[in-house]
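Pasted below: model.pdb, PDB, C-alpha atoms, pLDDT in the B column.
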```
ATOM      1  CA  GLY L 331       0.000   0.000   0.000  1.00 60.00           C
ATOM      2  CA  GLY L 332       0.828   3.630   0.139  1.00 68.00           C
ATOM      3  CA  ALA L 333       1.026   4.222  -3.612  1.00 71.00           C
ATOM      4  CA  SER L 334      -0.411   7.434  -5.014  1.00 70.00           C
ATOM      5  CA  VAL L 335      -0.966   8.652  -8.552  1.00 72.00           C
ATOM      6  CA  VAL L 336      -1.159  12.192  -9.908  1.00 71.00           C
ATOM      7  CA  ASN L 337      -2.872  12.572 -13.268  1.00 72.00           C
ATOM      8  CA  PHE L 338      -2.205  15.891 -15.023  1.00 76.00           C
ATOM      9  CA  SER L 339      -5.509  16.061 -16.882  1.00 76.00           C
ATOM     10  CA  MET L 340      -6.936  19.434 -15.829  1.00 83.00           C
ATOM     11  CA  ASN L 341      -7.305  22.115 -18.474  1.00 93.00           C
ATOM     12  CA  GLU L 342      -6.263  25.575 -17.220  1.00 93.00           C
ATOM     13  CA  ALA L 343      -8.768  27.371 -19.461  1.00 96.00           C
ATOM     14  CA  ASP L 344     -11.559  25.213 -17.998  1.00 95.00           C
ATOM     15  CA  VAL L 345     -10.389  25.915 -14.436  1.00 94.00           C
ATOM     16  CA  ARG L 346     -10.447  29.666 -15.097  1.00 96.00           C
ATOM     17  CA  GLN L 347     -13.898  29.547 -16.701  1.00 97.00           C
ATOM     18  CA  ILE L 348     -15.507  27.308 -14.079  1.00 96.00           C
ATOM     19  CA  MET L 349     -14.309  29.398 -11.125  1.00 96.00           C
ATOM     20  CA  LYS L 350     -16.252  32.361 -12.541  1.00 98.00           C
ATOM     21  CA  ILE L 351     -19.596  30.595 -11.999  1.00 97.00           C
ATOM     22  CA  ASP L 352     -21.442  31.939  -8.942  1.00 96.00           C
ATOM     23  CA  TRP L 353     -22.554  28.535  -7.653  1.00 97.00           C
ATOM     24  CA  VAL L 354     -19.137  26.830  -7.890  1.00 96.00           C
ATOM     25  CA  ALA L 355     -17.526  26.411  -4.465  1.00 96.00           C
ATOM     26  CA  THR L 356     -13.821  26.030  -3.778  1.00 94.00           C
ATOM     27  CA  ALA L 357     -12.847  22.722  -2.214  1.00 88.00           C
ATOM     28  CA  SER L 358      -9.952  20.306  -2.028  1.00 85.00           C
ATOM     29  CA  ASP L 359      -9.710  16.562  -1.687  1.00 80.00           C
ATOM     30  CA  GLY L 360      -6.407  17.063   0.112  1.00 79.00           C
ATOM     31  CA  ARG L 361      -5.803  15.845   3.630  1.00 77.00           C
ATOM     32  CA  ALA L 362      -3.400  16.569   6.457  1.00 73.00           C
ATOM     33  CA  TYR L 363       0.131  15.185   6.355  1.00 74.00           C
ATOM     34  CA  LEU L 364       2.922  15.433   8.871  1.00 75.00           C
ATOM     35  CA  PRO L 365       5.683  17.649   7.462  1.00 73.00           C
ATOM     36  CA  GLY L 366       8.289  15.482   5.787  1.00 70.00           C
ATOM     37  CA  SER L 367       6.015  12.454   5.465  1.00 74.00           C
ATOM     38  CA  ASP L 368       4.913  11.164   2.074  1.00 79.00           C
ATOM     39  CA  ARG L 369       4.743  13.402  -0.985  1.00 81.00           C
ATOM     40  CA  PRO L 370       1.280  14.947  -0.986  1.00 82.00           C
ATOM     41  CA  HIS L 371      -0.214  16.884  -3.853  1.00 82.00           C
ATOM     42  CA  PRO L 372       0.655  20.605  -3.509  1.00 83.00           C
ATOM     43  CA  ARG L 373      -3.047  21.394  -3.054  1.00 84.00           C
ATOM     44  CA  ASN L 374      -2.805  19.937   0.454  1.00 83.00           C
ATOM     45  CA  TYR L 375      -0.943  23.100   1.420  1.00 83.00           C
ATOM     46  CA  GLY L 376      -2.103  25.673  -1.101  1.00 88.00           C
ATOM     47  CA  THR L 377      -5.581  25.276  -2.602  1.00 91.00           C
ATOM     48  CA  PHE L 378      -7.111  28.355  -1.027  1.00 93.00           C
ATOM     49  CA  PRO L 379      -4.109  30.723  -1.121  1.00 95.00           C
ATOM     50  CA  ARG L 380      -3.674  29.776  -4.796  1.00 94.00           C
ATOM     51  CA  LYS L 381      -7.217  30.791  -5.675  1.00 96.00           C
ATOM     52  CA  LEU L 382      -6.971  34.031  -3.708  1.00 97.00           C
ATOM     53  CA  GLY L 383      -3.355  34.984  -4.428  1.00 96.00           C
ATOM     54  CA  TYR L 384      -2.851  33.736  -7.967  1.00 96.00           C
ATOM     55  CA  TYR L 385      -6.263  33.680  -9.642  1.00 97.00           C
ATOM     56  CA  ALA L 386      -7.985  36.605  -7.885  1.00 98.00           C
ATOM     57  CA  LEU L 387      -5.195  39.011  -6.927  1.00 98.00           C
ATOM     58  CA  GLN L 388      -2.482  38.394  -9.539  1.00 97.00           C
ATOM     59  CA  GLN L 389      -4.334  37.166 -12.625  1.00 97.00           C
ATOM     60  CA  LYS L 390      -7.650  38.985 -11.923  1.00 98.00           C
ATOM     61  CA  VAL L 391      -9.627  35.985 -13.238  1.00 98.00           C
ATOM     62  CA  ILE L 392     -12.291  36.663 -10.602  1.00 98.00           C
ATOM     63  CA  PRO L 393     -12.858  39.448  -8.066  1.00 98.00           C
ATOM     64  CA  LEU L 394     -11.401  38.836  -4.611  1.00 98.00           C
ATOM     65  CA  GLU L 395     -14.894  38.959  -3.049  1.00 98.00           C
ATOM     66  CA  HIS L 396     -16.073  36.190  -5.389  1.00 98.00           C
ATOM     67  CA  ALA L 397     -13.073  34.026  -4.497  1.00 98.00           C
ATOM     68  CA  ILE L 398     -13.627  34.529  -0.764  1.00 97.00           C
ATOM     69  CA  ARG L 399     -17.349  33.716  -0.973  1.00 98.00           C
ATOM     70  CA  SER L 400     -16.578  30.563  -2.986  1.00 97.00           C
ATOM     71  CA  MET L 401     -14.572  29.209  -0.038  1.00 96.00           C
ATOM     72  CA  THR L 402     -16.580  30.546   2.909  1.00 96.00           C
ATOM     73  CA  GLY L 403     -20.295  31.333   2.778  1.00 96.00           C
ATOM     74  CA  LEU L 404     -21.089  29.342  -0.355  1.00 97.00           C
ATOM     75  CA  PRO L 405     -19.790  25.962   0.871  1.00 94.00           C
ATOM     76  CA  ALA L 406     -21.396  26.605   4.280  1.00 94.00           C
ATOM     77  CA  ASP L 407     -24.715  27.251   2.533  1.00 94.00           C
ATOM     78  CA  ILE L 408     -24.370  24.193   0.282  1.00 93.00           C
ATOM     79  CA  LEU L 409     -23.596  21.932   3.245  1.00 91.00           C
ATOM     80  CA  GLY L 410     -26.152  23.532   5.550  1.00 91.00           C
ATOM     81  CA  LEU L 411     -23.506  24.508   8.095  1.00 91.00           C
ATOM     82  CA  LYS L 412     -25.306  26.975  10.304  1.00 90.00           C
ATOM     83  CA  GLU L 413     -23.260  29.660  12.052  1.00 92.00           C
ATOM     84  CA  ARG L 414     -20.335  29.081   9.652  1.00 94.00           C
ATOM     85  CA  GLY L 415     -18.964  30.798   6.579  1.00 95.00           C
ATOM     86  CA  TYR L 416     -19.930  34.372   7.437  1.00 96.00           C
ATOM     87  CA  LEU L 417     -18.702  37.118   9.756  1.00 94.00           C
ATOM     88  CA  ARG L 418     -21.830  37.547  11.869  1.00 94.00           C
ATOM     89  CA  LYS L 419     -22.388  38.170  15.552  1.00 95.00           C
ATOM     90  CA  GLY L 420     -22.972  34.856  17.299  1.00 94.00           C
ATOM     91  CA  ASP L 421     -21.417  32.731  14.549  1.00 94.00           C
ATOM     92  CA  TYR L 422     -18.247  30.715  15.046  1.00 92.00           C
ATOM     93  CA  ALA L 423     -15.121  32.802  14.537  1.00 90.00           C
ATOM     94  CA  ASP L 424     -13.351  30.983  11.693  1.00 94.00           C
ATOM     95  CA  ILE L 425     -11.300  33.863  10.307  1.00 96.00           C
ATOM     96  CA  VAL L 426      -8.215  34.197   8.099  1.00 96.00           C
ATOM     97  CA  VAL L 427      -6.281  37.461   7.964  1.00 97.00           C
ATOM     98  CA  PHE L 428      -3.927  37.626   4.989  1.00 97.00           C
ATOM     99  CA  ASP L 429      -1.601  40.126   3.349  1.00 97.00           C
ATOM    100  CA  PRO L 430      -2.845  40.500  -0.246  1.00 97.00           C
ATOM    101  CA  ARG L 431       0.525  41.868  -1.381  1.00 97.00           C
ATOM    102  CA  ILE L 432       2.321  38.569  -0.726  1.00 96.00           C
ATOM    103  CA  LEU L 433      -0.401  35.904  -0.539  1.00 96.00           C
ATOM    104  CA  ILE L 434       0.650  32.906  -2.647  1.00 95.00           C
ATOM    105  CA  ASP L 435       0.940  29.151  -2.401  1.00 94.00           C
ATOM    106  CA  LYS L 436       4.479  27.742  -2.430  1.00 94.00           C
ATOM    107  CA  ALA L 437       4.024  23.960  -2.391  1.00 90.00           C
ATOM    108  CA  THR L 438       5.269  22.135  -5.499  1.00 90.00           C
ATOM    109  CA  PHE L 439       5.445  18.485  -6.507  1.00 88.00           C
ATOM    110  CA  ASP L 440       9.183  18.495  -5.762  1.00 90.00           C
ATOM    111  CA  HIS L 441       8.737  20.309  -2.423  1.00 90.00           C
ATOM    112  CA  PRO L 442       5.147  19.673  -1.318  1.00 86.00           C
ATOM    113  CA  HIS L 443       5.461  20.485   2.406  1.00 86.00           C
ATOM    114  CA  GLN L 444       5.570  24.273   1.954  1.00 87.00           C
ATOM    115  CA  TYR L 445       3.201  26.604   3.764  1.00 88.00           C
ATOM    116  CA  SER L 446       1.822  29.512   1.768  1.00 92.00           C
ATOM    117  CA  ASP L 447       3.132  33.044   2.194  1.00 95.00           C
ATOM    118  CA  GLY L 448       0.898  35.853   3.387  1.00 96.00           C
ATOM    119  CA  ILE L 449      -1.293  34.138   5.999  1.00 96.00           C
ATOM    120  CA  ARG L 450      -0.890  36.381   9.039  1.00 97.00           C
ATOM    121  CA  TYR L 451      -3.596  35.112  11.388  1.00 97.00           C
ATOM    122  CA  LEU L 452      -5.988  32.182  11.417  1.00 96.00           C
ATOM    123  CA  PHE L 453      -8.692  31.736  14.023  1.00 96.00           C
ATOM    124  CA  VAL L 454     -10.531  28.415  14.275  1.00 96.00           C
ATOM    125  CA  ASN L 455     -13.603  28.560  16.497  1.00 94.00           C
ATOM    126  CA  GLY L 456     -12.156  31.796  17.873  1.00 93.00           C
ATOM    127  CA  SER L 457      -8.806  30.263  18.878  1.00 95.00           C
ATOM    128  CA  PRO L 458      -5.624  31.437  17.144  1.00 97.00           C
ATOM    129  CA  ALA L 459      -4.144  28.674  14.974  1.00 95.00           C
ATOM    130  CA  ILE L 460      -1.700  31.010  13.200  1.00 94.00           C
ATOM    131  CA  ASN L 461      -0.365  34.081  14.983  1.00 96.00           C
ATOM    132  CA  ALA L 462       1.837  36.609  13.159  1.00 95.00           C
ATOM    133  CA  GLY L 463       2.448  34.028  10.410  1.00 92.00           C
ATOM    134  CA  PHE L 464       3.426  31.111  12.656  1.00 91.00           C
ATOM    135  CA  PRO L 465       1.396  28.039  13.707  1.00 90.00           C
ATOM    136  CA  THR L 466       0.379  28.094  17.375  1.00 94.00           C
ATOM    137  CA  GLY L 467      -0.244  24.383  17.835  1.00 92.00           C
ATOM    138  CA  SER L 468      -3.894  25.036  18.672  1.00 92.00           C
ATOM    139  CA  LEU L 469      -6.232  22.149  17.896  1.00 92.00           C
ATOM    140  CA  ALA L 470      -9.532  24.039  18.089  1.00 92.00           C
ATOM    141  CA  GLY L 471     -11.112  22.483  14.994  1.00 91.00           C
ATOM    142  CA  LYS L 472     -13.911  19.954  15.081  1.00 88.00           C
ATOM    143  CA  ALA L 473     -15.711  17.739  12.604  1.00 87.00           C
ATOM    144  CA  LEU L 474     -18.699  19.432  10.989  1.00 85.00           C
ATOM    145  CA  ARG L 475     -21.706  17.477   9.810  1.00 81.00           C
ATOM    146  CA  HIS L 476     -23.895  18.258   6.825  1.00 75.00           C
ATOM    147  CA  GLN L 477     -27.337  19.446   7.872  1.00 70.00           C
ATOM    148  CA  THR L 478     -30.421  19.044   5.713  1.00 65.00           C
ATOM    149  CA  ALA L 479     -33.756  20.829   5.793  1.00 55.00           C
ATOM    150  CA  ALA L 480     -35.466  17.495   6.523  1.00 50.00           C
ATOM    151  CA  LYS L 481     -33.493  17.110   9.749  1.00 48.00           C
ATOM    152  CA  GLU L 482     -34.352  20.647  10.810  1.00 49.00           C
ATOM    153  CA  ASP L 483     -38.104  20.004  10.455  1.00 43.00           C
ATOM    154  CA  LYS L 484     -38.065  17.040  12.834  1.00 37.00           C
TER     155      LYS L 484
END
```
Re-express the file's structure as structure tokens.
Amino acid sequence: GGASVVNFSMNEADVRQIMKIDWVATASDGRAYLPGSDRPHPRNYGTFPRKLGYYALQQKVIPLEHAIRSMTGLPADILGLKERGYLRKGDYADIVVFDPRILIDKATFDHPHQYSDGIRYLFVNGSPAINAGFPTGSLAGKALRHQTAAKEDK
């Protein structure tokens, strides 16, 4: 076991066109790896900074607001995650503060364990996970479950 395959079959023009659609959310099938273990796909470290830094800020494929919504409120709405995805009083404080001048993913296939540049602060459930650009070791995250309208009616 332990084999992995990367298939380079994505078309960049398609990626750029699809991300412009209002109902397309940003997601990744990446998972957590210990630094130095395995050789994960670069998206494990850089999916979201890539969309914000490269596609929205550098290439101007989409407005920054559109990119942010595609990875915050929209997926929360799609999955029925109440009190998530928006900056509202009473909601969980899942907040990223980034420097738009230097935000970019750095992970590559040759060097996949590279954190992105430009993430200054990250709060998960109100607890700082990144402070002044450095991980804090906080483990404030929790598993979130999809909620459906049918469950709410019961």
Worksheet entry | Residue members of the PyMOL selection byres ((chain L and resi 443) around 12) in the file shown, as number ranges by chain | L: 362-376, 435-442, 444-446
Fill in: Among the residues L:Val345, L:Ile432, L:Met401, L:Val354, the one that comes closest to Leu387 in chain L [using all atoms listed in the file]
L:Ile432
Worksheet item: If the PyMOL selection byres ((chain L and resi 423) around 6) is run on the structure shown, which residues does it catch, given as a list of chain:residue names?
Response: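 So the PyMOL selection byres ((chain L and resi 423) around 6), applied here, picks out L:Tyr422, L:Asp424, L:Ile425, L:Asn455, L:Gly456.
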Fill in: Top pick for closest residue to Gly360 in chain L, considering L:Val427, L:Glu413, L:Pro465, L:Thr377 and counting only C-alpha atoms
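Of L:Val427, L:Glu413, L:Pro465, L:Thr377, the one nearest Gly360 in chain L is L:Thr377, counting only C-alpha atoms.
Taking CA of Leu452 in chain L as the reference point, CA of Val426 in chain L is found at 4.5 Å.
Computed from the coordinates, the CA of Pro393 in chain L to CA of Gly471 in chain L distance equals 28.7 Å.
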Compile the contact shell of Ala355 in chain L as a PDB file with C-alpha atoms, keeping the file's coordinate frame: residues with an atom at most 12 Å away, counting all atoms listed in the file, same-chain residues fewer than 5 positions apart removed.
```
ATOM      1  CA  ILE L 348     -15.507  27.308 -14.079  1.00 96.00           C
ATOM      2  CA  MET L 349     -14.309  29.398 -11.125  1.00 96.00           C
ATOM      3  CA  LYS L 350     -16.252  32.361 -12.541  1.00 98.00           C
ATOM      4  CA  PHE L 378      -7.111  28.355  -1.027  1.00 93.00           C
ATOM      5  CA  LYS L 381      -7.217  30.791  -5.675  1.00 96.00           C
ATOM      6  CA  HIS L 396     -16.073  36.190  -5.389  1.00 98.00           C
ATOM      7  CA  ALA L 397     -13.073  34.026  -4.497  1.00 98.00           C
ATOM      8  CA  ILE L 398     -13.627  34.529  -0.764  1.00 97.00           C
ATOM      9  CA  ARG L 399     -17.349  33.716  -0.973  1.00 98.00           C
ATOM     10  CA  SER L 400     -16.578  30.563  -2.986  1.00 97.00           C
ATOM     11  CA  MET L 401     -14.572  29.209  -0.038  1.00 96.00           C
ATOM     12  CA  THR L 402     -16.580  30.546   2.909  1.00 96.00           C
ATOM     13  CA  GLY L 403     -20.295  31.333   2.778  1.00 96.00           C
ATOM     14  CA  LEU L 404     -21.089  29.342  -0.355  1.00 97.00           C
ATOM     15  CA  PRO L 405     -19.790  25.962   0.871  1.00 94.00           C
ATOM     16  CA  ALA L 406     -21.396  26.605   4.280  1.00 94.00           C
ATOM     17  CA  ASP L 407     -24.715  27.251   2.533  1.00 94.00           C
ATOM     18  CA  ILE L 408     -24.370  24.193   0.282  1.00 93.00           C
ATOM     19  CA  LEU L 409     -23.596  21.932   3.245  1.00 91.00           C
ATOM     20  CA  GLY L 415     -18.964  30.798   6.579  1.00 95.00           C
TER      21      GLY L 415
END
```
Fill in: One-decimal distance in Å that lies between CA of Pro430 in chain L and CA of Arg346 in chain L
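Atom-to-atom, CA of Arg346 in chain L to CA of Pro430 in chain L, that is 19.9 Å.
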Response to the item:
Nearest to Phe428 in chain L, restricted to only C-alpha atoms and choosing among L:Leu411, L:Ala462, L:Ile392, L:Ala386, comes out as L:Ala462
